[in-house]
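File shown: final.cif. Contents: mmCIF, C-alpha atoms.
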```cif
data_input
loop_
_atom_site.label_atom_id
_atom_site.label_comp_id
_atom_site.auth_asym_id
_atom_site.auth_seq_id
_atom_site.Cartn_x
_atom_site.Cartn_y
_atom_site.Cartn_z
CA MET A 1474 127.18 -41.95 -25.74
CA LEU A 1475 125.57 -44.77 -27.69
CA GLU A 1476 128.79 -45.43 -29.52
CA VAL A 1477 130.44 -46.65 -26.36
CA SER A 1478 127.43 -48.54 -25.10
CA VAL A 1479 127.91 -52.12 -24.06
CA LEU A 1480 124.82 -53.00 -26.06
CA LYS A 1481 126.68 -52.36 -29.26
CA ASN A 1482 128.59 -55.60 -28.96
CA GLN A 1483 125.58 -57.64 -28.03
CA ILE A 1484 124.25 -59.77 -30.82
CA LEU A 1485 120.72 -61.02 -31.01
CA LYS A 1486 120.82 -64.64 -32.04
CA ASN A 1487 117.78 -66.66 -32.72
CA SER A 1488 118.40 -70.28 -31.88
CA MET A 1489 115.69 -71.44 -34.30
CA GLU A 1490 117.34 -69.63 -37.18
CA GLN A 1491 120.70 -71.10 -36.28
CA GLN A 1492 119.26 -74.62 -36.46
CA SER A 1493 117.34 -74.09 -39.66
CA ALA A 1494 118.03 -76.70 -42.35
CA LEU A 1495 116.95 -74.51 -45.25
CA ARG A 1496 118.68 -71.23 -44.50
CA PRO A 1497 120.89 -71.57 -41.50
CA LYS A 1498 121.99 -68.20 -40.21
CA ASN A 1499 124.46 -69.44 -37.72
CA GLY A 1500 127.08 -66.74 -37.53
CA LYS A 1501 126.19 -65.30 -40.92
CA LYS A 1502 123.76 -62.57 -40.11
CA ALA A 1503 122.96 -61.13 -36.74
CA ARG A 1504 121.05 -58.11 -35.60
CA SER A 1505 122.47 -55.70 -33.13
CA MET A 1506 120.44 -55.16 -29.96
CA LEU A 1507 121.40 -51.53 -30.05
CA PHE A 1508 118.64 -49.31 -31.41
CA ASN A 1509 118.66 -45.58 -31.54
CA LEU A 1510 115.61 -44.29 -29.70
CA SER A 1511 114.61 -40.96 -31.17
CA LEU A 1512 114.03 -38.67 -28.22
CA THR A 1513 113.56 -35.53 -30.28
CA SER A 1514 109.94 -36.29 -31.17
CA LEU A 1515 109.24 -37.16 -27.53
CA ILE A 1516 110.60 -33.79 -26.43
CA ASP A 1517 108.51 -32.09 -29.13
CA ALA A 1518 105.36 -33.74 -27.82
CA PHE A 1519 106.24 -32.84 -24.24
CA SER A 1520 106.90 -29.23 -25.21
CA ILE A 1521 103.51 -28.95 -26.96
CA LEU A 1522 101.82 -30.43 -23.89
CA VAL A 1523 103.61 -27.96 -21.60
CA ILE A 1524 102.59 -25.00 -23.78
CA PHE A 1525 98.96 -26.18 -23.86
CA LEU A 1526 98.86 -26.57 -20.08
CA LEU A 1527 100.51 -23.19 -19.54
CA ILE A 1528 97.89 -21.53 -21.74
CA ASN A 1529 95.13 -23.29 -19.80
CA LEU A 1530 96.68 -22.18 -16.53
CA THR A 1531 96.57 -18.49 -17.34
CA GLY A 1532 92.95 -17.53 -16.91
CA SER A 1533 91.15 -15.45 -14.38
CA ASN A 1534 93.09 -13.74 -11.65
CA ASN A 1535 90.61 -14.81 -9.05
CA THR A 1536 89.41 -18.25 -8.08
CA ILE A 1537 86.64 -19.35 -5.80
CA LYS A 1538 86.39 -22.52 -3.81
CA LEU A 1539 83.46 -24.73 -4.73
CA ASP A 1540 81.67 -26.51 -1.92
CA LYS A 1541 81.24 -30.25 -2.07
CA GLY A 1542 78.16 -31.21 -4.08
CA MET A 1543 77.59 -27.66 -5.29
CA GLN A 1544 76.92 -27.32 -8.99
CA LEU A 1545 77.10 -23.88 -10.50
CA PRO A 1546 74.79 -23.03 -13.42
CA THR A 1547 76.37 -22.90 -16.85
CA ALA A 1548 76.38 -19.96 -19.25
CA LEU A 1549 77.97 -19.05 -22.52
CA GLN A 1550 78.22 -15.26 -22.31
CA VAL A 1551 80.32 -14.97 -19.17
CA ASN A 1552 82.81 -12.43 -17.96
CA THR A 1553 86.12 -13.15 -16.32
CA LEU A 1554 85.82 -13.66 -12.60
CA GLN A 1555 87.10 -10.57 -10.83
CA MET A 1556 87.99 -9.71 -7.29
CA GLY A 1557 85.13 -9.26 -4.89
CA THR A 1558 83.49 -10.32 -1.69
CA VAL A 1559 82.26 -13.89 -2.07
CA VAL A 1560 78.87 -14.53 -0.55
CA SER A 1561 77.55 -18.05 -0.84
CA VAL A 1562 74.39 -19.85 0.09
CA ASN A 1563 74.32 -23.57 0.62
CA LYS A 1564 71.22 -25.40 1.87
CA GLY A 1565 69.91 -22.31 3.64
CA HIS A 1566 73.24 -21.45 5.28
CA TYR A 1567 74.94 -18.18 4.33
CA PHE A 1568 78.69 -17.70 4.11
CA ILE A 1569 80.76 -14.57 3.60
CA ASP A 1570 84.30 -15.38 2.48
CA GLU A 1571 83.82 -18.99 3.65
CA LYS A 1572 82.71 -17.97 7.15
CA GLU A 1573 79.16 -18.88 8.12
CA ILE A 1574 76.92 -16.03 9.11
CA SER A 1575 73.28 -15.78 10.09
CA LYS A 1576 70.80 -14.29 7.63
CA ASP A 1577 70.16 -11.28 9.86
CA GLN A 1578 73.84 -10.43 10.11
CA ILE A 1579 74.59 -10.32 6.36
CA THR A 1580 73.91 -6.60 5.92
CA ARG A 1581 76.01 -5.59 8.92
CA LYS A 1582 78.91 -7.81 7.91
CA LEU A 1583 78.82 -6.64 4.30
CA TYR A 1584 78.70 -3.03 5.44
CA GLU A 1585 81.84 -3.59 7.57
CA ILE A 1586 83.62 -5.30 4.69
CA ARG A 1587 82.67 -2.51 2.29
CA LYS A 1588 83.89 0.13 4.74
CA LYS A 1589 87.23 -1.66 5.09
CA LEU A 1590 87.58 -2.12 1.33
CA LEU A 1591 86.90 1.57 0.74
CA ALA A 1592 89.45 2.55 3.39
CA ASP A 1593 92.08 0.29 1.82
CA ASN A 1594 91.00 1.26 -1.72
CA THR A 1595 91.14 -2.41 -2.68
CA ASP A 1596 90.25 -3.74 -6.14
CA GLY A 1597 86.73 -5.09 -6.36
CA LYS A 1598 85.43 -2.91 -3.56
CA ASP A 1599 82.07 -2.62 -5.34
CA ASN A 1600 81.74 -6.27 -6.29
CA ILE A 1601 79.82 -9.06 -4.66
CA ILE A 1602 80.31 -12.54 -6.06
CA ILE A 1603 77.25 -14.68 -5.39
CA LYS A 1604 77.85 -18.40 -5.29
CA ALA A 1605 75.00 -20.89 -5.09
CA ASP A 1606 73.89 -24.24 -6.38
CA LYS A 1607 71.97 -24.12 -9.65
CA LYS A 1608 68.82 -25.49 -7.97
CA THR A 1609 68.78 -22.78 -5.29
CA GLU A 1610 65.56 -20.80 -5.31
CA PHE A 1611 65.66 -17.05 -5.75
CA ALA A 1612 64.09 -16.60 -2.30
CA SER A 1613 67.45 -17.74 -0.85
CA LEU A 1614 69.44 -15.36 -3.05
CA ASN A 1615 67.21 -12.36 -2.44
CA PRO A 1616 68.59 -11.55 1.06
CA ILE A 1617 72.12 -11.35 -0.38
CA ILE A 1618 71.05 -8.90 -3.10
CA MET A 1619 69.09 -6.80 -0.62
CA ALA A 1620 71.91 -6.80 1.94
CA GLY A 1621 74.51 -6.02 -0.73
CA SER A 1622 72.51 -3.05 -1.98
CA GLN A 1623 72.02 -1.73 1.53
CA ALA A 1624 75.73 -2.09 2.24
CA GLY A 1625 76.55 -0.06 -0.87
CA PHE A 1626 77.79 -2.72 -3.26
CA GLN A 1627 76.96 -1.84 -6.84
CA HIS A 1628 77.90 -4.86 -8.91
CA PHE A 1629 76.49 -8.32 -8.39
CA LYS A 1630 78.42 -11.08 -10.07
CA PHE A 1631 76.83 -14.50 -10.20
CA ALA A 1632 79.43 -17.25 -10.28
CA VAL A 1633 78.84 -19.60 -13.19
CA THR A 1634 80.64 -22.34 -15.04
CA GLN A 1635 81.69 -21.38 -18.52
CA GLU A 1636 79.95 -23.51 -21.10
CA ALA A 1637 82.01 -24.81 -24.01
CA THR A 1638 81.34 -22.86 -27.20
CA LYS A 1639 78.86 -24.63 -29.45
CA LYS A 1640 79.77 -24.68 -33.13
CA MET B 13 130.42 -37.41 -38.83
CA ALA B 14 132.86 -34.56 -39.19
CA PHE B 15 136.44 -34.85 -38.21
CA VAL B 16 139.24 -32.39 -37.96
CA THR B 17 142.54 -33.71 -39.11
CA MET B 18 145.32 -32.86 -36.71
CA GLY B 19 148.21 -33.64 -38.96
CA ASN B 20 148.31 -37.38 -39.37
CA LYS B 21 148.35 -38.17 -35.70
CA SER B 22 144.88 -37.66 -34.23
CA LYS B 23 141.32 -36.91 -35.21
CA LYS B 24 139.03 -34.97 -32.95
CA GLU B 25 135.30 -35.34 -33.29
CA LEU B 26 133.39 -32.05 -33.63
CA ASN B 27 129.92 -33.49 -33.34
CA PHE B 28 128.60 -34.20 -29.93
CA GLU B 29 125.38 -35.75 -28.77
CA LEU B 30 123.29 -33.61 -26.50
CA ASN B 31 122.15 -35.49 -23.42
CA LEU B 32 118.38 -35.32 -23.63
CA ILE B 33 117.57 -37.26 -20.48
CA PRO B 34 117.65 -34.20 -18.13
CA PHE B 35 115.38 -32.36 -20.56
CA ILE B 36 112.88 -35.18 -20.45
CA ASP B 37 113.07 -35.28 -16.65
CA LEU B 38 112.47 -31.56 -16.46
CA LEU B 39 109.57 -31.60 -18.90
CA SER B 40 107.96 -34.60 -17.17
CA THR B 41 108.13 -32.84 -13.81
CA LEU B 42 106.68 -29.67 -15.34
CA ILE B 43 103.85 -31.60 -17.00
CA CYS B 44 103.00 -33.39 -13.74
CA PHE B 45 102.95 -30.07 -11.88
CA LEU B 46 100.79 -28.38 -14.49
CA LEU B 47 98.38 -31.32 -14.72
CA VAL B 48 97.84 -31.17 -10.97
CA THR B 49 97.45 -27.39 -10.76
CA VAL B 50 95.57 -26.55 -13.95
CA ALA B 51 91.91 -25.56 -13.62
CA TRP B 52 89.83 -27.77 -15.87
CA VAL B 53 86.56 -26.09 -14.96
CA HIS B 54 86.50 -22.51 -16.15
CA LEU B 55 84.57 -20.27 -13.82
CA GLY B 56 83.17 -16.97 -14.89
CA SER B 57 80.66 -14.47 -13.70
CA MET B 58 77.37 -13.13 -14.95
CA ASP B 59 77.42 -9.44 -14.13
CA THR B 60 74.31 -7.61 -13.06
CA SER B 61 73.33 -4.62 -11.07
CA GLN B 62 70.36 -4.13 -8.83
CA ALA B 63 67.49 -2.97 -10.98
CA PHE B 64 65.66 -0.68 -8.61
CA GLY B 65 67.23 1.84 -6.34
CA PRO B 66 67.46 5.54 -5.65
CA GLN B 67 67.13 7.31 -8.98
CA ASP B 68 67.05 10.90 -10.01
CA GLU B 69 63.55 12.03 -11.03
CA LYS B 70 64.91 14.02 -13.96
CA GLN B 71 66.95 11.09 -15.26
CA THR B 72 65.46 9.77 -18.49
CA LYS B 73 64.51 6.13 -18.41
CA PRO B 74 66.18 4.14 -21.21
CA PRO B 75 64.20 1.77 -23.40
CA ALA B 76 64.24 -1.61 -21.74
CA VAL B 77 62.78 -5.06 -21.75
CA TRP B 78 61.48 -6.60 -18.54
CA ALA B 79 61.58 -10.36 -18.21
CA THR B 80 59.24 -11.68 -15.54
CA LEU B 81 59.90 -15.27 -14.54
CA LYS B 82 56.71 -16.85 -13.25
CA SER B 83 56.67 -19.70 -10.76
CA THR B 84 54.64 -21.67 -13.33
CA GLY B 85 57.65 -21.77 -15.67
CA GLN B 86 56.58 -19.00 -18.00
CA ILE B 87 58.53 -15.92 -18.99
CA ILE B 88 56.76 -12.68 -19.88
CA PHE B 89 58.79 -10.13 -21.82
CA LYS B 90 57.45 -6.61 -21.61
CA LEU B 91 58.77 -3.56 -23.44
CA GLN B 92 59.27 -0.39 -21.41
CA ASN B 93 59.83 3.19 -22.65
CA VAL B 94 59.91 2.12 -26.27
CA SER B 95 58.44 4.57 -28.78
CA LYS B 96 58.81 2.71 -32.08
CA ARG B 97 58.48 -1.02 -31.73
CA GLY B 98 57.75 -2.18 -35.30
CA ASN B 99 55.83 -5.43 -35.27
CA ILE B 100 57.24 -6.52 -31.91
CA PRO B 101 54.40 -7.04 -29.39
CA VAL B 102 54.52 -5.05 -26.15
CA GLU B 103 54.09 -8.27 -24.22
CA PHE B 104 55.32 -11.69 -25.19
CA GLU B 105 54.74 -14.84 -23.17
CA VAL B 106 56.80 -17.97 -23.64
CA GLN B 107 57.62 -21.13 -21.75
CA ALA B 108 61.05 -21.03 -20.08
CA SER B 109 61.86 -24.41 -21.62
CA ASN B 110 61.27 -23.05 -25.13
CA GLN B 111 64.82 -21.83 -25.67
CA LYS B 112 64.44 -21.46 -29.42
CA GLY B 113 61.33 -19.30 -29.01
CA ILE B 114 63.11 -17.03 -26.50
CA GLN B 115 66.15 -16.65 -28.73
CA ASN B 116 64.05 -15.91 -31.80
CA TYR B 117 62.08 -13.25 -29.91
CA LEU B 118 65.23 -11.58 -28.56
CA THR B 119 66.93 -11.67 -31.95
CA ALA B 120 63.90 -10.01 -33.58
CA LEU B 121 63.70 -7.52 -30.71
CA THR B 122 67.29 -6.34 -30.92
CA LYS B 123 67.12 -6.25 -34.71
CA GLN B 124 64.00 -4.08 -34.85
CA ILE B 125 64.66 -2.00 -31.74
CA PRO B 126 68.47 -1.71 -31.60
CA GLU B 127 68.34 1.05 -28.97
CA ILE B 128 67.29 -1.51 -26.35
CA LYS B 129 70.42 -2.16 -24.31
CA THR B 130 68.85 -2.62 -20.91
CA ALA B 131 66.98 -5.53 -19.42
CA VAL B 132 65.51 -6.21 -16.02
CA VAL B 133 64.97 -9.72 -14.75
CA LEU B 134 62.14 -10.13 -12.26
CA PRO B 135 62.28 -13.61 -10.78
CA SER B 136 59.67 -15.12 -8.52
CA GLN B 137 60.49 -16.60 -5.12
CA SER B 138 60.64 -20.15 -6.42
CA THR B 139 62.61 -19.44 -9.59
CA PRO B 140 65.71 -21.65 -9.66
CA TYR B 141 69.06 -19.90 -9.89
CA ALA B 142 69.85 -21.81 -13.13
CA ASP B 143 66.76 -20.35 -14.84
CA ILE B 144 67.78 -16.80 -13.90
CA ILE B 145 71.25 -17.35 -15.32
CA GLN B 146 69.80 -18.91 -18.45
CA ILE B 147 67.56 -15.92 -19.20
CA MET B 148 70.48 -13.55 -18.52
CA ASP B 149 72.62 -15.60 -20.90
CA ASN B 150 69.92 -15.38 -23.57
CA LEU B 151 69.64 -11.62 -23.09
CA LYS B 152 73.41 -11.22 -23.45
CA LYS B 153 73.37 -13.35 -26.58
CA GLY B 154 70.83 -10.87 -27.94
CA SER B 155 73.29 -7.97 -27.43
CA ILE B 156 71.57 -6.68 -24.29
CA LYS B 157 74.52 -6.11 -22.04
CA ASP B 158 73.11 -3.99 -19.26
CA ILE B 159 71.14 -6.42 -17.14
CA GLY B 160 69.62 -5.71 -13.77
CA ILE B 161 67.95 -8.01 -11.30
CA SER B 162 64.98 -7.05 -9.25
CA PRO B 163 64.79 -8.22 -5.64
CA ILE B 164 61.51 -9.56 -4.37
#
```
Show me the file's structure as structure tokens.
Amino acid sequence: MLEVSVLKNQILKNSMEQQSALRPKNGKKARSMLFNLSLTSLIDAFSILVIFLLINLTGSNNTIKLDKGMQLPTALQVNTLQMGTVVSVNKGHYFIDEKEISKDQITRKLYEIRKKLLADNTDGKDNIIIKADKKTEFASLNPIIMAGSQAGFQHFKFAVTQEATKK
Amino acid sequence: MAFVTMGNKSKKELNFELNLIPFIDLLSTLICFLLVTVAWVHLGSMDTSQAFGPQDEKQTKPPAVWATLKSTGQIIFKLQNVSKRGNIPVEFEVQASNQKGIQNYLTALTKQIPEIKTAVVLPSQSTPYADIIQIMDNLKKGSIKDIGISPI
């Protein structure tokens, strides 16, 4: 492809060098404008980047949506996030699967969800994922734990951000 | 360059240059897609179970450590159902901010009483969520995997 390029016949001539009194290079030596860009190393770098991103992409099989301004606490010894019913508390408001619900209705709603999950035999039927800001007081989390226990959920999973391993 | 001699008349080039431009296009598109979709913040979960609930009377209670988080910022570790405790005190009080002290205590605890695999966290009403997670993280670092949380 490069062999037939129009650039091959183009000559780079420096007018200063042509006019030089000491070593005039007028017509004697000229550099071709054609240069062979090595694309192999570029493709190597791209491939490494793609592999790195693909590895980063494959993580937990479940993701949760973080509310604006919500900061999860960090921890080192964390487990992979699994399927479950997400219950969140944000500034005193309670949400079950992103739908707001009053504090008094949590138990009833969780009981209905649990009943449905058991009927469908869905994965994570025993799990509740609790999502809250790191500054939230335990008094706000307590109703979720109580309601979850009353509804029959057995595992409580607190959503956290995985801390980078310290060396 | 290699050539094949076709008599004396013509030479046919065997080498060919692979067109890399489509590869670069493809990889660039893939990188852009992955950069947009990749999750940079890794979320995980800290697993617990409710500490107190209906329990069989005959069921033996395992040796455990209870961590009470006071509203004043202190943590009180208390050993439960432990027969041989070595030189580990039954009760140990430490400031929640003293991470090194907590870790040293838990390391000594699990080293001297390896049968302790259960812990119960008892937070107060005003305990921040981050402090609860931090104590759970410390307990897990000390090889105590079965952690329960006590509601108020």
Using Å and a single decimal, report how far atom CA of A:Asp1606 sits from atom CA of B:Thr60.
17.9 Å
Residues picked by the PyMOL selection byres ((chain B) within 10 of (chain A)) here, as number ranges by chain?
B: 28-33, 35-36, 39-40, 42-47, 49-62, 64-65, 135-153, 157, 160-164
Atom CA of B:Thr84 to atom CA of A:Ala1620: how many Å, to one decimal?
27.4 Å
Within 8 Å of B:Asp158, counting all atoms listed in the file, which residues show up once you throw out same-chain ones fewer than 5 positions away? Write them as an NGL selection string, please.
:B and (60 or 129-131)
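Of note, atom CA of A:Lys1589 and atom CA of A:Ser1575 are spaced 20.5 Å apart.
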Looking at all atoms listed in the file, which of B:Lys112, B:Ile100, B:Pro74, B:Gln107 is the one that sits closest to B:Ile87?
B:Gln107
